[in-house]
Amino acid sequence: MSRTPLSTTPFSSDPLEVIDRQILVTSLWFLKVRWIAVATMVLAGLVAGHLGYPLSLPGVSAVAGYLALANLGFYRHARRFREVPVQRSALDLFVNLQIMADWLAVLAIVYLTGGVISPCSLFFVFHILMASILLPARQTFIQASLALVLVALLFLLEGLAFLPYQPLILDLPFEVHREPRFVVAVLFVLALTIYASILLGNWVGQLLRRRMRQLTTTKSRLEDATQRMQAIFEVMRMLAGNRELEEMLATIALQATRLWGIQAACILLVDPRTQSLQFAATHGLDDSNRPDRFDGDWASQWETYLTTRDTLFKNDLSRHLQDKERTIYGWLAGQQLQSLMVVPLRVGQTTIGGFCLSSQIPSRFDREDAKYFKVFADLVSIQIEMVRANQRLLSHSQTRTWFFNKVAHDLRSPLAAVQSLMSLVTEGYVDQLDQAKTLVERASRRIEGLSSMVNELLVMATNQFDNLEPALTQIDVRTVLDNMVQLYEVEAHKKGVAVEVHTDPQCPPVNATPDGIERILSNLLSNAIKYTPRGGEVKVSLKNVEDRYLLFSITDTGIGIPAEAAEHIFEEFYRAPNARKLDEVGTGLGLAITRRFVEDFGGRLVFESTEGQGTTFSFFLPAAGTQPAKVKAIARELGWGKR
């Protein structure tokens with residue numbers, strides 16, 4: 001079975017992978033310890049000679065040299081484990097070879113430090129403990145038996161004078177290496193200690209492996225919960241830019257199937273004019289025999305259910321295959337779907353429709369799914385009402401801007417709290433199942449509070465939106481860029497920051513607004529200069545890529561963005577800690593507005609940053625007249641998915 005290259009990260013969603021990674025980590029730790037052992041040998045030889053012990057410094061140095069060469073070979077081999085797929089058997093072989101190489105070194109040190117009375121015999125126990133934790137029990141017993149055979153052979157050769165005895169103490173009353181009873185006693189005690197260490201080490205190793213499996217399973221569940229919350233948050237941010245109801249609902253249905261890993265989803269909305277249910281969007285379903293709306297007694301009963309209940313579960317749709325009337329159950333069952341979950345879409349106390357998830361697996365959904373799905377449905381309700389309001393109202397821009405920022409700001413805090421709770425486990429700070437359960441319960445309470453807050457904000461904001469579709473015109477971006485650079489060069493010069501500009505001579509126009517282009521460039525340029533210290537540099541680049549799109553990049557040598565702040569950098573009102581420390585003044589809206597404008601003009605905005613070294617913001621804008629499908633192709637070409 002093929003395996004992916006191993007890293008030294010000790011956590012993975014696969015328990016076996018976790019154990020393999022931990023074995024690799026410990027093996028690499030062996031390499032570091034061995035370098036220390038080499039230096040310690042040479043130092044001990046010098047100290048022993050200074051204290052008058054008859055220790056052979058050339059012999060000790062030779063052993064140290066052998067161990068250093070062996071460790072160098074192991075180190076070069078270990079580097080391959082990070083680059084090529086590796087089997088568990090290869091890891092076991094790597095650990096066994098290291099231990100056997102150490103046996104020879106330990107045996108030589110035992111010989112040089114008194115043989116049967118050498119205190120260095122205890123080093124065998126250290127290696128046996130590590131082997132019993134890392135290796136299967138059978139291999140550990142083989143290693144221990146090999147070590148005992150080597151020690152016994154050494155004692156025998158010394159006793160028979162085939163090897164000259166190397167006493168560490170010269171004035172012993174008798175030749176201990178020639179006393180069979182003493183030698184046998186030493187071997188017996190050493191064997192007893194080694195095999196007892198194996199039993200202890202194997203017990204500890206099994207305990208650690210069992211706990212690792214438990215923690216990995218818990219981590220996997222918590223990661224799933226965190227990913228769902230993160231995905232819901234990302235979908236919410238993505239929906240903020242949608243202005244067409246049909247396109248938005250199609251995107252929501254698609255994202256719902258991906259988020260829950262299911263086959264189909266559909267959205268039913270109450271028609272405000274006829275007050276009847278109708279399909280608004282579907283994904284993964286055959287629409288050829290789907291009615292546009294449901295009428296009659298059945299529809300009335302379902303509307304009543306959505307109005308009066310919380311979540312609807314259908315765990316076996318197959319029994320509805322023979323339904324005479326065309327119900328949603330029979331329609332889904334006819335497409336080999338087995339289970340259904342429906343959450344009402346509500347605005348305050350008013351039900352505006354239902355959100356349906358369906359799977360080919362019977363009893364696929366449970367109450368835990370319903371908790372997350374309800375949050376998702378509440379966010380969808382917000383967006384549906386927002387778009388409907390945008391279609392009714394074409395003014396009140398200040399009210400609309402206030403509401404959007406209010407929702408984004410108030411939703412961010414509880415979501416960040418949930419992410420923080422989950423990260424305590426995913427980053428390894430929690431190692432007890434009870435503690436992990438407590439964190440999940442706290443996160444669930446946060447989710448419930450978030451749902452209530454969403455409904456309250458929606459009620460407060462009803463009939464207070466506007467829709468400002470920007471009037472796009474063809475803009476010569478190169479001219480705008482030159483003007484903006486000239487404007488900010490003065491500020492850069494005062495601060496002692498060099499500005500370097502590279503632009504292609506011929507650039508096609510883009511569909512945008514003059515104010516929007518200026519805001520994009522102004523925000524990025526001002527941030528680059530603001531957060532670059534004196535003596536730093538800001539590089540601005542504009543490339544024409546085959547007259548299909550323009551590629552911008554603004555690179556600075558400033559303070560950079562901390563890794564923990566990267567995922568929040570485009571959130572409204574958010575500022576990275578090092579940015580707040582450098583300058584307390586700032587709204588935290590600049591990058592959010594910048595990304596919104598870039599996406600409004602059909603582009604994408606991404607960044608790369610290293611804290612303390614600098615940041616590069618890059619974005620592209622399609623040439624005027626580019627079709628939406630080609631814009632998506634450009635994003636895929638650059639590897640920039642919409643964030």
# chains A, B, ... in the order shown; residues from 1 in each chain; ligands from 1
>>> residues_around(residues="A:Tyr75", least_positions_apart="4", cutoff="8 Å", atoms="only C-alpha atoms", output="PyMOL selection string")
chain A and resi 28+31+71+79
>>> write_last_selection(atoms="N, CA and C atoms", output="PDB file, in the first residue's frame")
ATOM      1  N   LEU A  28      14.356  10.673  14.663  1.00  0.00           N
ATOM      2  CA  LEU A  28      15.145  11.886  14.424  1.00  0.00           C
ATOM      3  C   LEU A  28      15.718  12.434  15.727  1.00  0.00           C
ATOM      4  N   LEU A  31      18.866  10.694  16.509  1.00  0.00           N
ATOM      5  CA  LEU A  31      20.016  11.240  15.788  1.00  0.00           C
ATOM      6  C   LEU A  31      20.637  12.416  16.551  1.00  0.00           C
ATOM      7  N   ASN A  71      26.030   7.819  12.470  1.00  0.00           N
ATOM      8  CA  ASN A  71      24.943   8.786  12.627  1.00  0.00           C
ATOM      9  C   ASN A  71      24.786   9.655  11.393  1.00  0.00           C
ATOM     10  N   ARG A  79      16.482  11.863   5.873  1.00  0.00           N
ATOM     11  CA  ARG A  79      15.966  12.962   5.053  1.00  0.00           C
ATOM     12  C   ARG A  79      15.062  12.460   3.935  1.00  0.00           C
TER      13      ARG A  79
END
>>> residues_around(residues="stretch 33-49 of chain A", least_positions_apart="3", cutoff="10 Å", atoms="only C-alpha atoms", output="list in words")
Ser27, Leu28, Trp29, Phe30, Gly52, Tyr53, Pro54, Leu55, Ser56, Leu57, Pro58, Gly59, Val60, Ser61, Ala62, Val63, Ala64, Gly65, Tyr66, Leu67, Ala68, Ala70, Asn71, Leu72, Gln98, Asp102, Ile109 and Leu168 of chain A
>>> atom_distance(atom1="atom CA of A:Phe570", atom2="atom CA of A:Leu550")
21.9 Å
>>> residues_around(residues="A:Asn96", least_positions_apart="3", cutoff="9 Å", atoms="only C-alpha atoms", output="PDB file with N, CA, C and O atoms, in the first residue's frame")
ATOM      1  N   LEU A  91      10.281   1.984   8.444  1.00  0.00           N
ATOM      2  CA  LEU A  91      10.560   2.704   9.683  1.00  0.00           C
ATOM      3  C   LEU A  91      11.108   1.760  10.751  1.00  0.00           C
ATOM      4  O   LEU A  91      12.062   2.086  11.457  1.00  0.00           O
ATOM      5  N   ASP A  92      10.482   0.579  10.859  1.00  0.00           N
ATOM      6  CA  ASP A  92      10.969  -0.400  11.845  1.00  0.00           C
ATOM      7  C   ASP A  92      12.403  -0.804  11.542  1.00  0.00           C
ATOM      8  O   ASP A  92      13.240  -0.928  12.450  1.00  0.00           O
ATOM      9  N   LEU A  93      12.703  -1.023  10.257  1.00  0.00           N
ATOM     10  CA  LEU A  93      14.068  -1.390   9.881  1.00  0.00           C
ATOM     11  C   LEU A  93      15.041  -0.267  10.221  1.00  0.00           C
ATOM     12  O   LEU A  93      16.153  -0.517  10.714  1.00  0.00           O
ATOM     13  N   ILE A  99      19.600   0.911  16.440  1.00  0.00           N
ATOM     14  CA  ILE A  99      19.857   0.252  17.727  1.00  0.00           C
ATOM     15  C   ILE A  99      21.026  -0.722  17.611  1.00  0.00           C
ATOM     16  O   ILE A  99      21.904  -0.780  18.490  1.00  0.00           O
ATOM     17  N   MET A 100      21.084  -1.484  16.516  1.00  0.00           N
ATOM     18  CA  MET A 100      22.181  -2.433  16.351  1.00  0.00           C
ATOM     19  C   MET A 100      23.524  -1.712  16.204  1.00  0.00           C
ATOM     20  O   MET A 100      24.548  -2.179  16.710  1.00  0.00           O
ATOM     21  N   ALA A 101      23.507  -0.584  15.503  1.00  0.00           N
ATOM     22  CA  ALA A 101      24.745   0.198  15.408  1.00  0.00           C
ATOM     23  C   ALA A 101      25.174   0.690  16.787  1.00  0.00           C
ATOM     24  O   ALA A 101      26.371   0.695  17.120  1.00  0.00           O
ATOM     25  N   ALA A 131      13.437   1.034  22.352  1.00  0.00           N
ATOM     26  CA  ALA A 131      13.019   0.039  21.371  1.00  0.00           C
ATOM     27  C   ALA A 131      11.654  -0.533  21.717  1.00  0.00           C
ATOM     28  O   ALA A 131      10.814  -0.764  20.837  1.00  0.00           O
ATOM     29  N   LEU A 135       9.123  -0.213  18.797  1.00  0.00           N
ATOM     30  CA  LEU A 135       9.071  -1.412  17.963  1.00  0.00           C
ATOM     31  C   LEU A 135       8.049  -2.404  18.489  1.00  0.00           C
ATOM     32  O   LEU A 135       7.690  -2.376  19.675  1.00  0.00           O
ATOM     33  N   GLN A 139      10.217  -7.838  17.927  1.00  0.00           N
ATOM     34  CA  GLN A 139      11.490  -7.251  17.502  1.00  0.00           C
ATOM     35  C   GLN A 139      12.292  -6.741  18.694  1.00  0.00           C
ATOM     36  O   GLN A 139      13.522  -6.816  18.702  1.00  0.00           O
ATOM     37  N   THR A 140      11.590  -6.235  19.699  1.00  0.00           N
ATOM     38  CA  THR A 140      12.299  -5.756  20.893  1.00  0.00           C
ATOM     39  C   THR A 140      12.985  -6.907  21.622  1.00  0.00           C
ATOM     40  O   THR A 140      14.137  -6.782  22.072  1.00  0.00           O
ATOM     41  N   GLN A 143      16.086  -7.820  19.741  1.00  0.00           N
ATOM     42  CA  GLN A 143      17.161  -6.859  19.992  1.00  0.00           C
ATOM     43  C   GLN A 143      17.788  -7.084  21.367  1.00  0.00           C
ATOM     44  O   GLN A 143      19.019  -7.044  21.521  1.00  0.00           O
TER      45      GLN A 143
END
>>> closest_residue(among="A:Ser197, A:Ser89, A:Thr311, A:Asn523", to="A:Ala370", atoms="only C-alpha atoms")
A:Thr311
>>> residues_around(residues="A:Leu472", least_positions_apart="2", cutoff="12 Å", atoms="only C-alpha atoms", output="ChimeraX atom specification")
/A:468-470,474-475,509-517,597,600-602,624-625
>>> select_by_dssp(residues="stretch 416-566 of chain A", states="helix (DSSP H, G or I)", output="ChimeraX atom specification")
/A:416-426,433-461,477-495,514-530,563-566
>>> atom_distance(atom1="atom CA of A:Ala471", atom2="atom CA of A:Arg595")
17.9 Å
>>> atom_distance(atom1="atom CA of A:Gly536", atom2="atom CA of A:Glu564")
24.1 Å
>>> residues_around(residues="A:Lys543", least_positions_apart="4", cutoff="8 Å", atoms="only C-alpha atoms", output="list in words")
Thr503, Asp504, Cys507, Leu550, Leu551 and Phe552 of chain A
>>> closest_residue(among="A:Phe233, A:Ala436, A:Leu340, A:Ala623", to="A:His568", atoms="only C-alpha atoms")
A:Phe233
